[in-house]
$ cat structure_10.txt   # compact mmCIF, C-alpha atoms
# COMPACT_ATOMS: atom_id res chain seq x y z
CA MET A 1 0.00 0.00 0.00
CA SER A 2 1.36 3.39 -0.97
CA LEU A 3 1.60 6.28 1.44
CA ILE A 4 -1.30 8.03 -0.23
CA GLN A 5 -3.43 4.88 -0.13
CA ASP A 6 -2.62 4.49 3.55
CA LEU A 7 -3.69 8.09 4.15
CA GLY A 8 -6.95 7.48 2.31
CA ALA A 9 -7.65 4.31 4.26
CA ARG A 10 -7.05 6.05 7.57
CA LEU A 11 -9.32 8.95 6.65
CA GLN A 12 -12.05 6.65 5.41
CA ALA A 13 -11.86 4.65 8.62
CA ALA A 14 -12.03 7.80 10.72
CA GLY A 15 -14.97 9.07 8.68
CA ALA A 16 -16.82 5.79 9.10
CA ASP A 17 -16.13 5.86 12.82
CA LEU A 18 -17.82 9.19 13.46
CA PRO A 19 -20.43 8.83 16.23
CA VAL A 20 -23.52 9.20 14.05
CA GLY A 21 -25.19 6.16 15.62
CA GLU A 22 -24.56 7.40 19.15
CA LEU A 23 -26.01 10.78 18.23
CA VAL A 24 -29.13 9.23 16.74
CA ALA A 25 -29.56 7.14 19.89
CA ALA A 26 -29.14 10.20 22.11
CA LEU A 27 -31.64 12.17 20.04
CA ASP A 28 -34.18 9.35 20.27
CA LYS A 29 -33.88 9.25 24.05
CA LEU A 30 -34.15 13.01 24.46
CA ARG A 31 -37.12 13.24 22.10
CA ALA A 32 -38.92 10.50 24.03
CA SER A 33 -38.23 12.33 27.26
CA ALA A 34 -39.34 15.65 25.81
CA ALA A 35 -42.63 14.10 24.68
CA LEU A 36 -43.24 12.80 28.17
CA LEU A 37 -42.35 16.06 29.90
CA SER A 38 -44.43 18.05 27.42
CA TRP A 39 -47.41 15.95 28.33
CA VAL A 40 -46.81 16.53 32.03
CA ARG A 41 -46.32 20.20 31.36
CA GLN A 42 -49.83 20.50 29.97
CA GLN A 43 -50.99 20.16 33.54
CA SER A 44 -48.52 22.58 35.07
CA ALA A 45 -47.41 26.17 34.63
CA ASP A 46 -43.83 25.13 35.45
CA PRO A 47 -41.65 24.67 32.34
CA LEU A 48 -40.26 21.48 33.91
CA GLY A 49 -37.01 21.66 31.99
CA VAL A 50 -38.74 21.30 28.62
CA PRO A 51 -37.11 24.43 27.09
CA GLU A 52 -33.68 23.21 28.17
CA LEU A 53 -34.38 19.77 26.75
CA SER A 54 -35.53 21.31 23.48
CA GLY A 55 -32.29 23.27 23.43
CA ALA A 56 -30.31 20.09 24.00
CA ILE A 57 -32.09 18.39 21.11
CA GLU A 58 -31.27 21.36 18.90
CA HIS A 59 -27.60 21.18 19.85
CA LEU A 60 -27.49 17.48 18.99
CA GLU A 61 -29.21 18.09 15.66
CA HIS A 62 -26.54 20.68 14.89
CA ALA A 63 -23.86 18.21 15.92
CA ALA A 64 -25.36 15.59 13.60
CA TYR A 65 -25.31 18.08 10.75
CA ALA A 66 -21.68 18.94 11.53
CA LEU A 67 -20.78 15.24 11.32
CA HIS A 68 -22.32 15.06 7.87
CA VAL A 69 -20.24 18.08 6.87
CA VAL A 70 -17.15 16.23 8.12
CA GLN A 71 -18.05 13.16 6.07
CA ASP A 72 -18.74 15.20 2.96
CA SER A 73 -15.54 17.20 3.37
CA VAL A 74 -13.43 14.08 3.83
CA SER A 75 -15.06 12.45 0.79
CA GLY A 76 -14.45 15.59 -1.24
CA TYR A 77 -10.85 15.80 -0.11
CA LEU A 78 -10.19 12.16 -0.96
CA ALA A 79 -11.67 12.75 -4.40
CA ALA A 80 -9.49 15.83 -4.83
CA ILE A 81 -6.31 13.87 -4.13
CA GLY A 82 -7.32 11.07 -6.46
CA LEU A 83 -8.82 8.65 -3.96
CA GLY A 84 -12.42 9.58 -4.52
CA ALA A 85 -13.76 6.53 -6.30
CA GLU A 86 -15.06 5.17 -3.04
CA PRO A 87 -16.79 7.75 -0.89
CA ALA A 88 -16.32 7.44 2.84
CA PRO A 89 -18.74 4.81 4.03
CA GLU A 90 -21.78 6.34 5.61
CA ALA A 91 -22.04 5.65 9.27
CA ARG A 92 -25.34 3.88 9.72
CA PRO A 93 -27.35 4.77 12.81
CA THR A 94 -26.84 2.04 15.34
CA PRO A 95 -30.08 0.47 16.48
CA PRO A 96 -30.40 0.11 20.21
CA GLU A 97 -29.58 -3.26 21.62
CA PRO A 98 -32.77 -5.30 22.09
CA VAL A 99 -31.90 -5.73 25.72
CA GLU A 100 -30.02 -2.89 27.26
CA PRO A 101 -29.13 -2.16 30.84
CA VAL A 102 -31.23 0.63 32.25
CA ALA A 103 -31.41 2.34 35.56
CA PRO A 104 -33.85 1.03 38.14
CA GLY A 105 -37.26 2.51 37.58
CA ALA A 106 -36.45 3.53 34.03
CA PRO A 107 -38.75 2.61 31.16
CA GLY A 108 -38.32 -0.99 30.24
CA THR A 109 -37.25 -2.30 33.59
CA THR A 110 -39.03 -4.98 35.49
CA SER A 111 -38.44 -3.24 38.76
CA ALA A 112 -40.41 -4.43 41.74
CA ALA A 113 -41.83 -0.93 42.24
CA PRO A 114 -42.96 0.13 38.77
CA ALA A 115 -44.85 3.33 39.56
CA PRO A 116 -48.26 1.72 39.99
CA ARG A 117 -50.31 4.91 39.62
CA LEU A 118 -48.85 5.45 36.19
CA ARG A 119 -50.43 2.25 34.97
CA ARG A 120 -53.99 3.53 35.12
CA TRP A 121 -53.75 6.32 32.62
CA TRP A 122 -51.57 4.17 30.43
CA ALA A 123 -54.14 1.38 30.36
CA GLU A 124 -56.99 3.82 29.86
CA ARG A 125 -55.29 5.52 26.97
CA VAL A 126 -54.46 2.19 25.32
CA ALA A 127 -58.10 1.16 25.65
CA TYR A 128 -59.16 4.43 24.04
CA LEU A 129 -56.68 4.15 21.15
CA THR A 130 -57.71 0.60 20.38
CA ASP A 131 -61.39 1.46 20.83
CA GLY A 132 -61.96 -1.17 23.47
CA ALA A 133 -63.41 -1.31 26.92
CA PRO A 134 -61.15 0.03 29.65
CA ALA A 135 -59.94 -2.82 31.79
CA ASP A 136 -58.07 -3.07 35.01
CA PRO A 137 -54.43 -3.43 34.12
CA ALA A 138 -52.88 -6.77 34.88
CA THR A 139 -49.95 -7.06 37.25
CA THR A 140 -47.50 -8.77 34.93
CA THR A 141 -44.01 -7.43 34.53
CA ILE A 142 -42.48 -7.20 31.09
CA SER A 143 -39.58 -5.29 29.63
CA SER A 144 -39.94 -2.82 26.78
CA ASP A 145 -38.22 -5.10 24.29
CA GLU A 146 -40.45 -8.04 25.23
CA LEU A 147 -43.47 -5.78 24.91
CA LEU A 148 -42.31 -4.56 21.51
CA ARG A 149 -42.14 -8.14 20.23
CA SER A 150 -45.58 -8.85 21.64
CA VAL A 151 -47.01 -5.71 20.02
CA ALA A 152 -45.38 -6.67 16.74
CA ARG A 153 -46.87 -10.18 16.92
CA HIS A 154 -50.40 -8.88 17.47
CA THR A 155 -49.92 -6.24 14.80
CA ARG A 156 -48.77 -8.85 12.35
CA ALA A 157 -51.86 -10.90 13.09
CA GLY A 158 -54.14 -7.86 12.86
CA ASP A 159 -55.33 -8.76 16.36
CA ARG A 160 -56.60 -5.54 17.93
CA THR A 161 -57.96 -7.26 21.02
CA GLY A 162 -54.69 -9.06 21.61
CA LEU A 163 -52.81 -5.85 21.06
CA ARG A 164 -54.93 -4.05 23.64
CA ARG A 165 -54.47 -6.90 26.13
CA ALA A 166 -50.71 -6.94 25.67
CA LEU A 167 -50.37 -3.19 26.10
CA THR A 168 -52.74 -2.71 29.00
CA GLY A 169 -51.11 -5.63 30.78
CA ALA A 170 -47.71 -3.97 30.64
CA PRO A 171 -46.37 -1.53 33.21
CA ALA A 172 -46.60 2.03 31.94
CA PRO A 173 -42.82 2.63 32.09
CA ALA A 174 -42.29 -0.43 29.88
CA GLY A 175 -44.92 0.88 27.49
CA LEU A 176 -43.42 4.34 27.38
CA GLY A 177 -40.08 2.71 26.71
CA LEU A 178 -41.38 1.73 23.26
CA SER A 179 -40.85 5.37 22.27
CA ALA A 180 -37.14 4.98 22.88
CA LEU A 181 -36.74 1.52 21.31
CA ALA A 182 -38.73 2.04 18.15
CA PRO A 183 -37.15 4.96 16.22
CA ALA A 184 -33.87 3.27 15.32
CA LEU A 185 -35.72 0.04 14.51
CA LEU A 186 -38.18 1.90 12.30
CA HIS A 187 -35.32 3.53 10.46
CA ARG A 188 -33.62 0.17 9.92
CA LEU A 189 -36.80 -1.62 8.83
CA ALA A 190 -37.74 1.21 6.49
CA SER A 191 -34.24 1.03 4.99
CA ASP A 192 -34.68 -2.69 4.40
CA LEU A 193 -38.12 -2.19 2.88
CA LEU A 194 -37.03 0.63 0.58
CA GLY A 195 -33.63 -0.81 -0.26
CA HIS A 196 -31.89 2.36 0.84
CA GLU A 197 -31.77 4.86 3.70
CA PRO A 198 -35.18 6.54 3.99
CA ARG A 199 -35.22 9.91 2.26
CA PRO A 200 -37.82 12.68 2.21
CA ALA A 201 -38.91 11.50 -1.23
CA ASP A 202 -39.82 8.11 0.28
CA LEU A 203 -42.42 9.55 2.66
CA PRO A 204 -45.44 9.15 0.32
CA ALA A 205 -44.62 5.50 -0.39
CA LEU A 206 -44.00 4.73 3.26
CA THR A 207 -47.23 6.48 4.19
CA ARG A 208 -49.18 4.39 1.67
CA THR A 209 -47.64 1.27 3.15
CA ALA A 210 -48.07 1.94 6.83
CA ARG A 211 -50.76 4.51 7.56
CA GLU A 212 -53.93 2.47 7.06
CA PRO A 213 -52.72 -0.68 8.85
CA VAL A 214 -51.79 1.42 11.88
CA LEU A 215 -55.12 3.22 11.96
CA ALA A 216 -56.99 -0.07 11.57
CA LEU A 217 -55.46 -1.25 14.83
CA LEU A 218 -55.62 2.15 16.54
CA PRO A 219 -58.90 3.59 15.26
CA LYS A 220 -59.03 6.45 17.77
CA LEU A 221 -55.47 7.58 17.15
CA PRO A 222 -55.10 11.13 15.82
CA PRO A 223 -53.90 10.27 12.27
CA ALA A 224 -51.44 13.17 12.22
CA LEU A 225 -49.25 11.29 14.68
CA VAL A 226 -48.65 8.49 12.16
CA ASP A 227 -47.66 11.13 9.63
CA THR A 228 -45.28 12.73 12.14
CA LEU A 229 -43.57 9.45 13.01
CA LEU A 230 -43.20 8.47 9.36
CA ALA A 231 -41.81 11.93 8.60
CA GLN A 232 -39.20 11.41 11.32
CA VAL A 233 -38.23 8.09 9.74
CA CYS A 234 -37.73 9.85 6.41
CA ARG A 235 -35.96 12.79 8.07
CA VAL A 236 -38.61 15.22 6.90
CA PRO A 237 -38.79 18.25 9.18
CA ARG A 238 -42.28 19.04 10.40
CA PRO A 239 -43.48 22.01 12.40
CA ALA A 240 -43.91 21.26 16.07
CA ASP A 241 -47.46 20.41 17.02
CA PRO A 242 -48.82 23.16 19.28
CA VAL A 243 -50.47 20.45 21.38
CA PRO A 244 -47.94 17.75 22.22
CA PRO A 245 -49.21 14.24 21.60
CA HIS A 246 -50.09 12.05 24.54
CA PRO A 247 -46.90 10.10 25.34
CA ALA A 248 -48.82 6.83 25.24
CA ASP A 249 -49.91 7.65 21.69
CA THR A 250 -46.32 8.03 20.53
CA ALA A 251 -45.20 4.87 22.29
CA VAL A 252 -48.07 2.68 21.11
CA THR A 253 -47.98 3.98 17.54
CA SER A 254 -44.23 3.48 17.32
CA GLY A 255 -44.60 -0.13 18.42
CA VAL A 256 -47.43 -0.83 15.99
CA LEU A 257 -45.46 0.78 13.16
CA VAL A 258 -42.61 -1.62 13.88
CA GLY A 259 -45.08 -4.50 13.59
CA VAL A 260 -46.51 -3.17 10.33
CA LEU A 261 -43.08 -2.86 8.72
CA LEU A 262 -42.08 -6.32 9.95
CA ARG A 263 -45.24 -7.70 8.34
CA ARG A 264 -44.47 -5.98 5.05
CA LEU A 265 -40.96 -7.45 5.17
CA GLY A 266 -42.35 -10.89 6.00
CA ARG A 267 -40.23 -11.10 9.10
CA ASP A 268 -40.93 -12.76 12.39
CA PRO A 269 -41.17 -10.35 15.35
CA GLU A 270 -38.98 -12.76 17.30
CA ALA A 271 -36.16 -11.67 15.02
CA LEU A 272 -36.10 -8.44 17.02
CA ALA A 273 -34.59 -10.40 19.89
CA ALA A 274 -31.65 -11.50 17.75
CA MET B 275 -56.76 14.67 35.86
CA ALA B 276 -53.46 13.06 36.82
CA SER B 277 -52.52 12.46 40.43
CA VAL B 278 -49.31 13.64 42.03
CA ALA B 279 -48.04 10.07 41.94
CA GLU B 280 -48.71 9.87 38.22
CA VAL B 281 -46.95 13.15 37.52
CA LYS B 282 -43.95 12.09 39.59
CA ALA B 283 -43.81 8.72 37.86
CA ALA B 284 -43.95 10.36 34.44
CA ILE B 285 -41.14 12.76 35.37
CA GLU B 286 -39.10 9.87 36.72
CA ALA B 287 -39.55 8.02 33.43
CA ALA B 288 -38.58 11.15 31.48
CA VAL B 289 -35.45 11.67 33.57
CA ALA B 290 -34.45 8.04 33.01
CA GLN B 291 -34.68 8.62 29.26
CA VAL B 292 -32.52 11.72 29.55
CA ASN B 293 -29.96 9.78 31.58
CA GLU B 294 -29.70 7.23 28.81
CA GLY B 295 -29.40 10.06 26.30
CA GLN B 296 -26.60 11.58 28.35
CA ALA B 297 -24.73 8.28 28.27
CA ALA B 298 -25.08 8.22 24.49
CA ILE B 299 -23.81 11.81 24.27
CA GLN B 300 -20.79 10.90 26.38
CA ALA B 301 -20.08 7.94 24.12
CA ALA B 302 -20.44 10.18 21.07
CA SER B 303 -18.01 12.72 22.52
CA GLU B 304 -15.39 10.07 23.20
CA LYS B 305 -15.76 8.59 19.73
CA LEU B 306 -15.63 12.04 18.16
CA ALA B 307 -12.41 12.85 20.01
CA GLN B 308 -10.82 9.66 18.67
CA ALA B 309 -11.92 10.42 15.11
CA ALA B 310 -10.67 14.00 15.41
CA GLN B 311 -7.30 12.77 16.64
CA THR B 312 -6.98 10.32 13.77
CA MET B 313 -7.91 12.94 11.22
CA ALA B 314 -5.64 15.58 12.72
CA ALA B 315 -2.68 13.20 12.54
CA ALA B 316 -3.47 12.17 8.99
CA LEU B 317 -4.17 15.67 7.70
CA ASP B 318 -1.35 17.49 9.47
CA GLY B 319 0.28 19.87 7.01
CA SER B 320 -2.58 20.01 4.55
CA GLY B 321 -3.81 23.44 3.56
CA HIS B 322 -6.69 22.10 1.50
CA GLU B 323 -9.92 24.01 1.88
CA LEU B 324 -11.95 20.84 2.53
CA VAL B 325 -9.56 19.80 5.29
CA GLY B 326 -10.21 23.12 6.98
CA ALA B 327 -13.95 22.59 6.58
CA ALA B 328 -13.72 19.10 8.09
CA GLN B 329 -11.71 20.32 11.05
CA ALA B 330 -14.07 23.22 11.67
CA ALA B 331 -17.06 20.88 11.54
CA LEU B 332 -15.38 18.48 13.96
CA ALA B 333 -14.82 21.34 16.39
CA GLN B 334 -18.41 22.49 15.97
CA ALA B 335 -19.76 18.99 16.61
CA ASP B 336 -17.69 18.80 19.78
CA THR B 337 -19.02 22.16 20.98
CA GLU B 338 -22.61 21.20 20.21
CA LEU B 339 -22.25 17.94 22.11
CA ARG B 340 -20.86 19.72 25.16
CA GLU B 341 -23.60 22.35 25.10
CA GLY B 342 -26.25 19.72 24.50
CA LEU B 343 -25.05 17.71 27.47
CA ALA B 344 -25.01 20.80 29.66
CA ALA B 345 -28.58 21.59 28.63
CA THR B 346 -29.72 18.09 29.58
CA LEU B 347 -28.17 18.51 33.03
CA THR B 348 -30.15 21.69 33.57
CA ALA B 349 -33.30 20.06 32.23
CA VAL B 350 -32.97 17.15 34.64
CA GLU B 351 -32.33 19.48 37.54
CA ARG B 352 -35.44 21.51 36.73
CA ALA B 353 -37.62 18.45 36.33
CA GLN B 354 -36.39 16.86 39.54
CA THR B 355 -36.80 20.11 41.47
CA TYR B 356 -40.37 20.32 40.28
CA ALA B 357 -41.06 16.70 41.16
CA ALA B 358 -39.60 17.15 44.63
CA GLY B 359 -41.77 20.18 45.27
CA ILE B 360 -45.19 18.76 44.43

$ encode --input "structure_10.txt" --output "structure tokens"
Amino acid sequence: MSLIQDLGARLQAAGADLPVGELVAALDKLRASAALLSWVRQQSADPLGVPELSGAIEHLEHAAYALHVVQDSVSGYLAAIGLGAEPAPEARPTPPEPVEPVAPGAPGTTSAAPAPRLRRWWAERVAYLTDGAPADPATTTISSDELLRSVARHTRAGDRTGLRRALTGAPAPAGLGLSALAPALLHRLASDLLGHEPRPADLPALTRTAREPVLALLPKLPPALVDTLLAQVCRVPRPADPVPPHPADTAVTSGVLVGVLLRRLGRDPEALAA
Amino acid sequence: MASVAEVKAAIEAAVAQVNEGQAAIQAASEKLAQAAQTMAAALDGSGHELVGAAQAALAQADTELREGLAATLTAVERAQTYAAGI
């Protein structure tokens, strides 16, 4: 390998090793948290840290853009010195691990003290979304990743009653944890379905694929939320909704969307555990 | 209408999400520093315009990550203060 080839290889490796996946993961977590706090804030005059969290999200979005500038600049430089046939490999967002360690009491844990009062509004909202009778939530414990697979199974089967039972039977923190697990998975599944990274131009096709199946299972869901989540998958900026969505809506819809895309890909939800 | 327990539980869940986000930001910062070091060593001596652009963008990404992390710390503090006071 010549000196110049060695230089190119090192730069390409450094470009591929930029922390795009970590940034996407951080953004997903902060957005999920912001949705939750925004919902709480509707019932309080206190800003609750929401403006600061919005600022943090903005900083991370700027950082993500800066990383793309780095990648483009490195690719352009390599081309300029005669090594540009192969652009720097794009760092693919890293999906969250199906089972990840989380702090006690965090969404997705099976802690012995899972915020029992939170379960009621979770179960009631799930019953509303699925247009079923409110039921007393069960007392089972389940992690967010187990719940996601269960939601995907019922979605795949078109089983609205089973979906409602699975969601209402889960602790609310585990349910809310779907909001954090789903975005990277949705991006990956959409990439597989489209054959490339989702782009703004893919939004109409993705909407045609996913919107109706989601609304069939969640008939009371405000349809705009499906559009918002699909726009996020395709990286289409949308104006902030003046009324933040109910956090359960985002979590449930994200999980069902994962199931819909898995069904379109003909994949078994159990593959999510791999 | 939500109860105090529900509000506290929701804030606790939100803070847990932020904590995980902070861990991801820390990981991103460390990885960015490594990439910046590699690029700086490889590109030392280059006066190419695109090299300057890459280095400036690396510095900006680092700054944004630091400021983003600082903002999350303030956000958590505010949310926890509120939760403790209700």

$ interface_residues --input "structure_10.txt" --of "chain A" --to "chain B" --cutoff "8 Å" --atoms "all atoms listed in the file" --output "NGL selection string"
:A and (7 or 10-11 or 14-15 or 17-20 or 22-23 or 25-30 or 32-34 or 36-37 or 40 or 46 or 48-53 or 55-60 or 62-64 or 66-67 or 69-71 or 73-74 or 76-77 or 102-103 or 105-107 or 115 or 117-118 or 121 or 173 or 180)

$ atom_distance --input "structure_10.txt" --atom1 "CA of Thr161 in chain A" --atom2 "CA of Arg125 in chain A"
14.3 Å

$ residues_around --input "structure_10.txt" --residues "range 195-201 of chain A" --least-positions-apart "3" --cutoff "7 Å" --atoms "only C-alpha atoms" --output "MDAnalysis selection string"
chainID A and resid 190:192 233:236

$ atom_distance --input "structure_10.txt" --atom1 "CA of Leu148 in chain A" --atom2 "CA of Ala174 in chain A"
9.3 Å

$ closest_residue --input "structure_10.txt" --among "A:Ala271, A:Ala35, A:Leu194, A:Leu129" --to "Thr253 in chain A" --atoms "all atoms listed in the file"
A:Leu129
